[in-house]
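Engineer: I am sharing target_16.cif, which consists of mmCIF, C-alpha atoms:
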data_start
loop_
_atom_site.label_atom_id
_atom_site.label_comp_id
_atom_site.auth_asym_id
_atom_site.auth_seq_id
_atom_site.Cartn_x
_atom_site.Cartn_y
_atom_site.Cartn_z
CA MET A 1 -19.99 13.21 52.49
CA SER A 2 -17.82 10.82 50.51
CA LYS A 3 -19.11 9.64 47.16
CA ARG A 4 -16.53 7.11 46.00
CA HIS A 5 -16.26 5.40 49.40
CA PRO A 6 -19.51 5.78 51.40
CA VAL A 7 -19.71 5.19 55.14
CA VAL A 8 -22.90 3.80 56.75
CA ALA A 9 -23.08 3.80 60.56
CA VAL A 10 -25.74 2.17 62.74
CA THR A 11 -25.52 3.45 66.30
CA GLY A 12 -27.36 2.53 69.48
CA SER A 13 -26.90 1.78 73.15
CA SER A 14 -26.11 -1.61 74.64
CA GLY A 15 -29.26 -3.71 74.32
CA ALA A 16 -30.90 -1.34 71.84
CA GLY A 17 -31.24 -3.92 69.09
CA THR A 18 -28.74 -2.68 66.50
CA SER A 19 -28.16 -6.28 65.42
CA THR A 20 -31.69 -6.36 63.95
CA VAL A 21 -30.85 -3.41 61.74
CA LYS A 22 -27.48 -4.94 60.86
CA ARG A 23 -29.18 -8.13 59.61
CA ALA A 24 -31.50 -6.09 57.39
CA PHE A 25 -28.53 -4.28 55.86
CA GLU A 26 -26.80 -7.63 55.32
CA HIS A 27 -29.83 -8.70 53.29
CA ILE A 28 -29.60 -5.54 51.20
CA PHE A 29 -25.89 -5.99 50.58
CA ALA A 30 -26.32 -9.64 49.56
CA ARG A 31 -29.28 -8.99 47.30
CA GLU A 32 -27.68 -6.02 45.53
CA ASP A 33 -24.19 -7.61 45.24
CA ILE A 34 -22.62 -4.95 47.45
CA VAL A 35 -19.38 -5.82 49.27
CA PRO A 36 -19.21 -4.18 52.72
CA ALA A 37 -16.26 -3.68 55.05
CA VAL A 38 -17.94 -4.48 58.38
CA VAL A 39 -16.62 -2.82 61.54
CA GLU A 40 -17.85 -3.63 65.05
CA GLY A 41 -17.97 -0.83 67.56
CA ASP A 42 -16.56 -2.99 70.36
CA SER A 43 -13.27 -3.16 68.50
CA TYR A 44 -12.75 0.55 69.19
CA HIS A 45 -12.92 0.23 72.95
CA ARG A 46 -9.67 1.22 74.64
CA PHE A 47 -9.29 -1.75 77.02
CA GLU A 48 -9.49 -5.51 76.81
CA ARG A 49 -11.80 -7.30 79.24
CA MET A 50 -9.53 -7.70 82.27
CA PRO A 51 -7.89 -4.24 82.10
CA MET A 52 -11.39 -2.76 81.69
CA LYS A 53 -12.60 -4.49 84.86
CA LYS A 54 -9.59 -3.13 86.73
CA ALA A 55 -10.11 0.40 85.39
CA MET A 56 -13.78 0.30 86.43
CA ALA A 57 -12.89 -0.95 89.91
CA ASP A 58 -10.24 1.77 90.32
CA ALA A 59 -12.72 4.45 89.24
CA LEU A 60 -15.40 3.10 91.57
CA SER A 61 -13.01 3.17 94.52
CA LYS A 62 -12.38 6.87 93.81
CA GLY A 63 -16.06 7.68 93.35
CA GLU A 64 -15.48 8.43 89.67
CA ASN A 65 -17.67 7.60 86.68
CA PHE A 66 -16.18 5.21 84.13
CA SER A 67 -17.96 3.10 81.52
CA HIS A 68 -17.88 1.74 77.97
CA PHE A 69 -20.05 4.70 76.95
CA GLY A 70 -17.53 7.44 77.71
CA PRO A 71 -14.42 8.77 75.95
CA GLU A 72 -11.98 7.45 78.57
CA ALA A 73 -12.85 3.87 77.63
CA ASN A 74 -12.88 4.33 73.85
CA LEU A 75 -10.68 5.27 70.91
CA PHE A 76 -12.93 7.92 69.39
CA ASP A 77 -9.97 9.42 67.54
CA LYS A 78 -9.19 6.07 65.87
CA LEU A 79 -12.83 5.58 64.87
CA GLU A 80 -12.99 9.08 63.42
CA GLU A 81 -9.75 8.38 61.56
CA LEU A 82 -11.18 5.18 60.09
CA PHE A 83 -14.33 6.91 58.81
CA LYS A 84 -12.25 9.75 57.35
CA ILE A 85 -9.62 7.57 55.68
CA TYR A 86 -12.17 5.12 54.29
CA GLY A 87 -14.19 7.99 52.85
CA GLU A 88 -11.09 9.34 51.13
CA THR A 89 -9.36 6.13 50.01
CA GLY A 90 -11.54 3.08 50.69
CA GLY A 91 -8.90 1.85 53.16
CA GLY A 92 -8.12 2.03 56.85
CA LYS A 93 -7.35 -0.15 59.86
CA LYS A 94 -9.70 -2.37 61.86
CA ARG A 95 -9.50 -5.11 64.47
CA TYR A 96 -11.87 -7.48 66.26
CA TYR A 97 -12.89 -7.81 69.90
CA LEU A 98 -13.26 -11.47 70.76
CA HIS A 99 -16.52 -11.92 72.68
CA SER A 100 -16.58 -15.71 72.94
CA PRO A 101 -14.47 -18.87 72.62
CA GLU A 102 -16.02 -19.44 69.20
CA GLU A 103 -14.90 -16.04 67.95
CA ALA A 104 -11.45 -16.56 69.46
CA GLU A 105 -11.09 -19.92 67.69
CA GLU A 106 -12.21 -18.43 64.38
CA HIS A 107 -9.71 -15.57 64.43
CA ASN A 108 -6.87 -17.61 65.95
CA THR A 109 -7.23 -20.02 63.02
CA ARG A 110 -7.26 -17.14 60.57
CA LEU A 111 -4.34 -15.24 62.10
CA GLY A 112 -2.26 -18.03 63.64
CA THR A 113 -2.58 -16.44 67.10
CA SER A 114 -3.53 -17.77 70.54
CA LEU A 115 -5.83 -15.04 71.78
CA GLU A 116 -8.47 -15.49 74.48
CA PRO A 117 -12.06 -14.16 74.71
CA GLY A 118 -11.97 -10.59 75.93
CA GLN A 119 -8.92 -9.67 73.87
CA PHE A 120 -8.42 -7.73 70.64
CA THR A 121 -6.95 -9.10 67.44
CA PRO A 122 -4.04 -7.13 65.94
CA TRP A 123 -4.88 -4.14 63.73
CA GLU A 124 -5.17 -5.12 60.06
CA ASP A 125 -5.94 -3.38 56.79
CA ILE A 126 -9.47 -3.08 55.46
CA PRO A 127 -9.61 -5.48 52.46
CA GLU A 128 -9.32 -3.88 49.05
CA GLY A 129 -12.30 -3.69 46.73
CA THR A 130 -15.11 -3.07 49.24
CA ASP A 131 -18.06 -0.91 48.23
CA VAL A 132 -19.10 0.58 51.57
CA LEU A 133 -17.92 0.77 55.17
CA PHE A 134 -20.61 -0.53 57.52
CA TYR A 135 -20.27 0.25 61.23
CA GLU A 136 -22.49 -1.11 63.99
CA GLY A 137 -21.94 -0.11 67.61
CA LEU A 138 -22.29 2.44 70.38
CA HIS A 139 -20.61 5.48 68.86
CA GLY A 140 -21.25 5.81 65.13
CA GLY A 141 -22.53 9.36 65.63
CA VAL A 142 -20.51 10.56 68.61
CA GLU A 143 -19.01 14.05 68.69
CA GLY A 144 -17.19 16.02 71.36
CA ASP A 145 -14.06 17.95 72.23
CA GLY A 146 -11.42 16.92 69.69
CA TYR A 147 -13.45 14.35 67.76
CA ASN A 148 -16.47 14.28 65.44
CA VAL A 149 -17.20 10.78 64.19
CA ALA A 150 -20.67 11.74 62.95
CA SER A 151 -19.28 14.23 60.41
CA TYR A 152 -17.72 11.43 58.35
CA ALA A 153 -20.81 9.20 58.10
CA ASP A 154 -22.71 9.41 54.81
CA LEU A 155 -25.71 7.65 56.33
CA LEU A 156 -26.23 7.61 60.10
CA VAL A 157 -28.96 5.37 61.54
CA GLY A 158 -30.05 5.38 65.18
CA VAL A 159 -31.63 2.46 67.04
CA VAL A 160 -33.17 3.68 70.26
CA PRO A 161 -36.08 1.77 71.87
CA ILE A 162 -37.84 3.48 74.76
CA THR A 163 -35.62 3.30 77.82
CA ASN A 164 -37.50 0.64 79.79
CA LEU A 165 -37.53 -1.70 76.78
CA GLU A 166 -33.81 -1.08 76.22
CA TRP A 167 -33.10 -2.05 79.83
CA ILE A 168 -35.23 -5.20 79.60
CA GLN A 169 -33.36 -6.26 76.46
CA LYS A 170 -29.98 -5.59 78.07
CA ILE A 171 -30.82 -7.43 81.30
CA HIS A 172 -32.08 -10.49 79.45
CA ARG A 173 -29.17 -10.53 76.99
CA ASP A 174 -26.45 -10.11 79.62
CA THR A 175 -27.91 -12.72 81.96
CA ALA A 176 -28.85 -15.31 79.32
CA GLU A 177 -25.94 -14.94 76.88
CA ARG A 178 -23.11 -13.60 79.03
CA GLY A 179 -23.84 -15.20 82.40
CA TYR A 180 -24.12 -12.03 84.47
CA ASP A 181 -26.17 -11.76 87.66
CA PRO A 182 -29.23 -9.49 87.15
CA ARG A 183 -28.10 -7.31 90.06
CA ASP A 184 -24.74 -6.73 88.38
CA VAL A 185 -26.47 -5.73 85.15
CA THR A 186 -28.63 -3.24 87.07
CA ASP A 187 -25.53 -1.78 88.75
CA ASN A 188 -23.94 -1.52 85.32
CA ILE A 189 -26.92 0.44 83.97
CA LEU A 190 -26.78 2.86 86.90
CA ARG A 191 -23.01 3.33 86.69
CA ARG A 192 -23.21 4.21 82.99
CA MET A 193 -26.12 6.65 83.27
CA SER A 194 -24.03 9.85 83.18
CA ASP A 195 -22.09 8.69 80.13
CA TYR A 196 -25.36 7.49 78.54
CA VAL A 197 -26.82 10.99 78.85
CA HIS A 198 -23.70 12.78 77.61
CA TYR A 199 -22.33 10.47 74.89
CA ILE A 200 -25.10 8.11 73.71
CA THR A 201 -28.32 10.13 73.69
CA PRO A 202 -26.94 13.21 71.82
CA GLN A 203 -26.16 11.03 68.79
CA PHE A 204 -29.84 10.60 68.05
CA SER A 205 -30.20 14.29 67.23
CA LEU A 206 -27.58 13.84 64.50
CA THR A 207 -28.90 10.65 62.90
CA ASP A 208 -30.50 10.69 59.44
CA VAL A 209 -33.06 8.06 60.49
CA ASN A 210 -34.09 6.83 63.94
CA PHE A 211 -35.88 3.58 64.76
CA GLN A 212 -37.60 3.64 68.13
CA ARG A 213 -39.46 0.51 69.24
CA VAL A 214 -42.40 1.17 71.55
CA PRO A 215 -44.01 -1.86 73.25
CA THR A 216 -47.75 -2.15 73.63
CA VAL A 217 -47.46 -4.21 76.83
CA ASP A 218 -46.59 -3.09 80.35
CA THR A 219 -42.86 -2.46 80.81
CA SER A 220 -43.19 -0.12 83.79
CA ASN A 221 -40.72 -2.11 85.92
CA PRO A 222 -37.99 -3.41 83.60
CA PHE A 223 -36.02 -4.94 86.45
CA VAL A 224 -38.61 -7.64 87.12
CA ALA A 225 -39.80 -8.29 83.54
CA ARG A 226 -39.85 -12.02 82.86
CA ASP A 227 -39.51 -11.74 79.10
CA ILE A 228 -38.79 -9.29 76.31
CA PRO A 229 -41.84 -7.88 74.50
CA THR A 230 -41.94 -9.37 71.03
CA LEU A 231 -41.88 -7.35 67.83
CA ASP A 232 -45.56 -8.19 67.35
CA GLU A 233 -46.23 -6.59 70.75
CA SER A 234 -44.68 -3.32 69.57
CA PHE A 235 -44.80 -0.46 67.14
CA VAL A 236 -41.70 1.08 65.57
CA VAL A 237 -41.52 4.86 65.21
CA ILE A 238 -39.30 5.82 62.26
CA ARG A 239 -38.18 9.45 62.18
CA PHE A 240 -36.39 11.01 59.19
CA LYS A 241 -34.29 14.06 59.98
CA ASP A 242 -34.59 15.37 56.41
CA PRO A 243 -36.93 13.33 54.18
CA ASP A 244 -36.07 15.45 51.15
CA LYS A 245 -32.35 14.72 51.49
CA LEU A 246 -33.03 10.98 51.42
CA GLN A 247 -35.73 11.26 48.72
CA VAL A 248 -38.28 9.58 51.00
CA TYR A 249 -41.65 9.03 49.34
CA PHE A 250 -44.10 8.39 52.16
CA PRO A 251 -47.10 7.29 50.03
CA PHE A 252 -44.93 4.47 48.66
CA LEU A 253 -43.89 3.36 52.16
CA LEU A 254 -47.50 3.44 53.38
CA SER A 255 -48.60 1.32 50.42
CA MET A 256 -45.81 -1.24 50.92
CA ILE A 257 -46.02 -1.71 54.71
CA HIS A 258 -49.40 -2.96 55.89
CA GLY A 259 -50.62 -1.16 59.00
CA ALA A 260 -48.21 1.77 58.67
CA PHE A 261 -49.38 5.32 59.33
CA MET A 262 -47.92 8.82 59.55
CA SER A 263 -47.69 10.48 62.96
CA ARG A 264 -45.81 13.62 61.84
CA ARG A 265 -44.67 15.06 58.54
CA ASN A 266 -41.29 13.31 58.90
CA THR A 267 -42.36 10.26 60.93
CA ILE A 268 -43.93 6.96 59.98
CA VAL A 269 -45.10 4.29 62.44
CA VAL A 270 -45.05 0.61 61.46
CA PRO A 271 -46.11 -2.58 63.24
CA GLY A 272 -43.13 -4.07 65.08
CA GLY A 273 -43.26 -7.27 63.05
CA LYS A 274 -42.70 -5.21 59.90
CA MET A 275 -39.51 -3.55 61.18
CA GLY A 276 -37.13 -5.64 59.07
CA LEU A 277 -39.25 -5.14 55.97
CA ALA A 278 -39.41 -1.40 56.60
CA ILE A 279 -35.63 -1.17 56.94
CA GLU A 280 -35.08 -2.96 53.65
CA ILE A 281 -37.70 -0.93 51.77
CA ILE A 282 -36.36 2.37 53.14
CA PHE A 283 -32.65 1.76 52.73
CA THR A 284 -32.41 -0.32 49.54
CA PRO A 285 -32.78 2.69 47.22
CA ILE A 286 -30.60 4.87 49.42
CA VAL A 287 -27.74 2.37 49.56
CA VAL A 288 -28.00 1.44 45.89
CA ASP A 289 -27.88 5.12 44.99
CA MET A 290 -24.74 5.56 47.11
CA ILE A 291 -23.02 2.76 45.22
CA LYS A 292 -24.12 4.00 41.81
CA ARG A 293 -22.79 7.48 42.58
CA LYS A 294 -19.33 6.15 43.47
CA ASP A 295 -17.99 6.74 39.98
CA THR A 296 -20.28 9.53 38.81
CA ASP A 297 -21.74 12.79 40.03
CA ARG A 298 -25.21 12.10 38.78
CA PRO A 299 -28.20 13.28 40.87
CA GLN A 300 -29.97 11.02 43.34
CA LEU A 301 -32.57 8.52 42.23
CA SER A 302 -35.95 9.94 41.42
CA VAL A 303 -39.05 8.76 43.28
CA ALA A 304 -40.01 6.68 40.23
CA ASP A 305 -36.58 5.05 40.23
CA GLN A 306 -36.87 4.28 43.93
CA ARG A 307 -40.19 2.55 43.47
CA GLY A 308 -38.69 0.38 40.73
CA LEU A 309 -35.95 -1.10 42.93
CA ARG A 310 -36.22 -4.67 44.19
CA VAL A 311 -37.34 -4.99 47.80
CA THR A 312 -38.25 -8.68 47.96
#
Translate the structure of the given file into C-alpha cells.
Structural biologist:
Amino acid sequence: MSKRHPVVAVTGSSGAGTSTVKRAFEHIFAREDIVPAVVEGDSYHRFERMPMKKAMADALSKGENFSHFGPEANLFDKLEELFKIYGETGGGKKRYYLHSPEEAEEHNTRLGTSLEPGQFTPWEDIPEGTDVLFYEGLHGGVEGDGYNVASYADLLVGVVPITNLEWIQKIHRDTAERGYDPRDVTDNILRRMSDYVHYITPQFSLTDVNFQRVPTVDTSNPFVARDIPTLDESFVVIRFKDPDKLQVYFPFLLSMIHGAFMSRRNTIVVPGGKMGLAIEIIFTPIVVDMIKRKDTDRPQLSVADQRGLRVT
C-alpha cells in the first residue's frame, strides 16, 4: 500500500450502481478538503465506440466471446501502471471517454479539439497537488495473467447488487439514457456472461468492503420489470473483508444508522435508504486517516478518534 499517494478504487459491473458510492465519496472529499484525481474506468477501454462495435461484430461472426468486461477490450496494463505510478509519485496519465454531446463539448472547449461522443480525449498528466487517486469503473480490482490492478489499490470497494437487480438497473439505464432497444440490452447481458464470470465477479473476493443491495420486492423476472426497486424497497448488505485492518467499530455503526443490524461477525445490514449515510460514516475516518498518514508513519486512528470525526 502507498502512504504518501493513496489509491481508492470503487469497482462494479455495468448497472451495479457505483455512481451512488462515487457521490458519497465526493461528499467526503468536499467536506474534508481533500483534492482527488478522479479516473473513470471507461477511459481505460481499448476501443472507441465505432471500432468496438466492429470488433464485437467480427467476434460474433466467428462465434467468439468479446465484451467490455474482458481483457481484449481493455488496457489493464495501463490501468495497473496508473495505480502503481500514482502510488509512487502522485502522478500518471489519464484520459476521458466522451459518453455524450455535452461531455464532448466540455472537453473540446477545454482542449481545443473537435472530438465526437464515443471517442477518447488525448492522454494527459494527472494534475499536481492531488491528495488521492479515486477510480470508479468495472476493473478496479481485476487481476490475471500479466496484470494485477488490485494489488496497487489502498482501499478497494465493491458494488454488487444481486444479479436480477443489477440487470434491471442496466436495462432501464441503457434504454432510458442511451436509447437502446431492451432486446439489444438483453443480448448484451448474455454475450458478456462469460467475461462477467471470469473478470468481474472474482474482484469481489479481493475487495476490502462490499455493498450488495437486496430488494424486498419481487425481481424474479428482470426482463419485464417496469421500474427499478427504490432504495427504500431494499436492504444493503455491507461486508468487511478484514474489520480489524480498517478499524471498524460495529457498535458505533449500529448506533449511528437507524435500523442497522449485524448478520455475521464482519457484516452489517442497513436499510437501503441509509446507504449513502452508511458509506460516509464508514469511509470518512478511513479516508481521513489515509490523508493524515501521507507525511507520517503514525498508527491508524483509534476507535475513539474515529467516533470524533465529522459525519454530517
Engineer: Residues of stretch 52-97 of chain A that approach stretch 191-195 of chain A to 12 Å or less, counting all atoms listed in the file: could you list each one with the shortest pair of atoms and its distance in Å to one decimal, rows by chain and increasing residue number, as a Markdown table?
Structural biologist:
| residue | atom | partner | partner_atom | distance |
| --- | --- | --- | --- | --- |
| A:Met56 | CA | A:Arg191 | CA | 9.7 |
| A:Ala57 | CA | A:Arg191 | CA | 11.4 |
| A:Ala59 | CA | A:Arg191 | CA | 10.7 |
| A:Leu60 | CA | A:Arg191 | CA | 9.0 |
| A:Gly63 | CA | A:Arg191 | CA | 10.6 |
| A:Glu64 | CA | A:Arg191 | CA | 9.6 |
| A:Asn65 | CA | A:Arg191 | CA | 6.8 |
| A:Phe66 | CA | A:Arg192 | CA | 7.2 |
| A:Ser67 | CA | A:Arg192 | CA | 5.6 |
| A:His68 | CA | A:Arg192 | CA | 7.7 |
| A:Phe69 | CA | A:Asp195 | CA | 5.5 |
| A:Gly70 | CA | A:Asp195 | CA | 5.3 |
| A:Pro71 | CA | A:Asp195 | CA | 8.7 |
| A:Glu72 | CA | A:Asp195 | CA | 10.3 |
| A:Ala73 | CA | A:Asp195 | CA | 10.7 |
| A:Asn74 | CA | A:Asp195 | CA | 12.0 |
Engineer: Considering only C-alpha atoms, return as a PyMOL selection string whatever protein or nucleic-acid residues lie within 10 Å of stretch 35-42 of chain A, sequence-local ones (same chain, fewer than 5 positions apart) excluded.
Structural biologist: chain A and resi 7-11+22+25-26+29-30+47-48+68+74+79+82+86+90-91+93-99+120+126-140
Engineer: Mind telling me what the PyMOL selection byres ((chain A and resi 287) around 10) catches here, as number ranges by chain?
Structural biologist: A: 6, 8, 25, 28-29, 32, 34, 132, 155, 280, 282-286, 288-293
Engineer: I'd like the neighbourhood of A:Phe235 as a short mmCIF file (atom, residue, chain, number, x, y, z; two decimals) with C-alpha atoms, in the frame of the given file, where a residue qualifies if any of its atoms comes within 12 Å (using all atoms listed in the file), though same-chain residues fewer than 2 positions away should be ignored.
Structural biologist:
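Okay, result11.cif is ready:
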data_model
loop_
_atom_site.label_atom_id
_atom_site.label_comp_id
_atom_site.auth_asym_id
_atom_site.auth_seq_id
_atom_site.Cartn_x
_atom_site.Cartn_y
_atom_site.Cartn_z
CA PRO A 161 -36.08 1.77 71.87
CA ILE A 162 -37.84 3.48 74.76
CA PHE A 211 -35.88 3.58 64.76
CA GLN A 212 -37.60 3.64 68.13
CA ARG A 213 -39.46 0.51 69.24
CA VAL A 214 -42.40 1.17 71.55
CA PRO A 215 -44.01 -1.86 73.25
CA THR A 216 -47.75 -2.15 73.63
CA VAL A 217 -47.46 -4.21 76.83
CA PRO A 229 -41.84 -7.88 74.50
CA THR A 230 -41.94 -9.37 71.03
CA LEU A 231 -41.88 -7.35 67.83
CA ASP A 232 -45.56 -8.19 67.35
CA GLU A 233 -46.23 -6.59 70.75
CA VAL A 237 -41.52 4.86 65.21
CA ILE A 238 -39.30 5.82 62.26
CA GLY A 259 -50.62 -1.16 59.00
CA ALA A 260 -48.21 1.77 58.67
CA PHE A 261 -49.38 5.32 59.33
CA ILE A 268 -43.93 6.96 59.98
CA VAL A 269 -45.10 4.29 62.44
CA VAL A 270 -45.05 0.61 61.46
CA PRO A 271 -46.11 -2.58 63.24
CA GLY A 272 -43.13 -4.07 65.08
CA GLY A 273 -43.26 -7.27 63.05
CA LYS A 274 -42.70 -5.21 59.90
CA MET A 275 -39.51 -3.55 61.18
CA ALA A 278 -39.41 -1.40 56.60
#
Engineer: Provide the atom CA of A:Gly141 to atom CA of A:Glu124 distance in Å, to one decimal place.
Structural biologist: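 Separating atom CA of A:Gly141 from atom CA of A:Glu124 is a distance of 23.3 Å.
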Engineer: Just how far from atom CA of A:Gly12 is atom CA of A:Arg239, in Å to one decimal?
Structural biologist: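 Answer for the atom CA of A:Arg239 to atom CA of A:Gly12 separation: 14.8 Å.
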Engineer: One number please: atom CA of A:Tyr199 to atom CA of A:Asp125, in Å, one decimal.
Structural biologist: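 So the two atoms, atom CA of A:Tyr199 and atom CA of A:Asp125, lie 28.1 Å apart.
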Engineer: From the set A:Tyr44, A:Phe250, A:Tyr180, A:Phe76, which residue has the shortest atom-to-atom contact distance to A:Asn148, counting all atoms listed in the file?
Structural biologist: A:Phe76
Engineer: Stretch 241-246 of chain A: which residues within 9 Å, counting only C-alpha atoms, same-chain residues fewer than 4 positions away excluded, as a PyMOL selection string?
Structural biologist: chain A and resi 205-210+250+266-267+286+300
Engineer: Using the file's own x, y and z axes, so that the box edges lie along x, y and z, what centre and edge lengths in Å (one decimal) does a box around every listed atom of stretch 47-58 of chain A get when 6 Å is added on each side? Give it as JSON.
Structural biologist:
{"center_x": -10.8, "center_y": -3.0, "center_z": 83.6, "size_x": 17.9, "size_y": 21.5, "size_z": 25.5}
Engineer: Write out as an mmCIF file with C-alpha atoms, keeping the file's coordinate frame each polymer residue whose atoms come within 9 Å of A:Ile189, counting only C-alpha atoms; drop sequence neighbours fewer than 5 positions from it.
Structural biologist:
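File written: out-v6.cif
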data_model
loop_
_atom_site.group_PDB
_atom_site.id
_atom_site.type_symbol
_atom_site.label_atom_id
_atom_site.label_comp_id
_atom_site.auth_asym_id
_atom_site.auth_seq_id
_atom_site.Cartn_x
_atom_site.Cartn_y
_atom_site.Cartn_z
ATOM 1 C CA TRP A 167 -33.100 -2.050 79.830
ATOM 2 C CA LYS A 170 -29.980 -5.590 78.070
ATOM 3 C CA ASP A 184 -24.740 -6.730 88.380
#
Engineer: Using all atoms listed in the file, which of the listed residues (A:Arg110, A:Lys62, A:Asp33, A:Arg265) sits closest to A:Pro251?
Structural biologist: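 Of all the options, A:Arg265 lies closest to A:Pro251.
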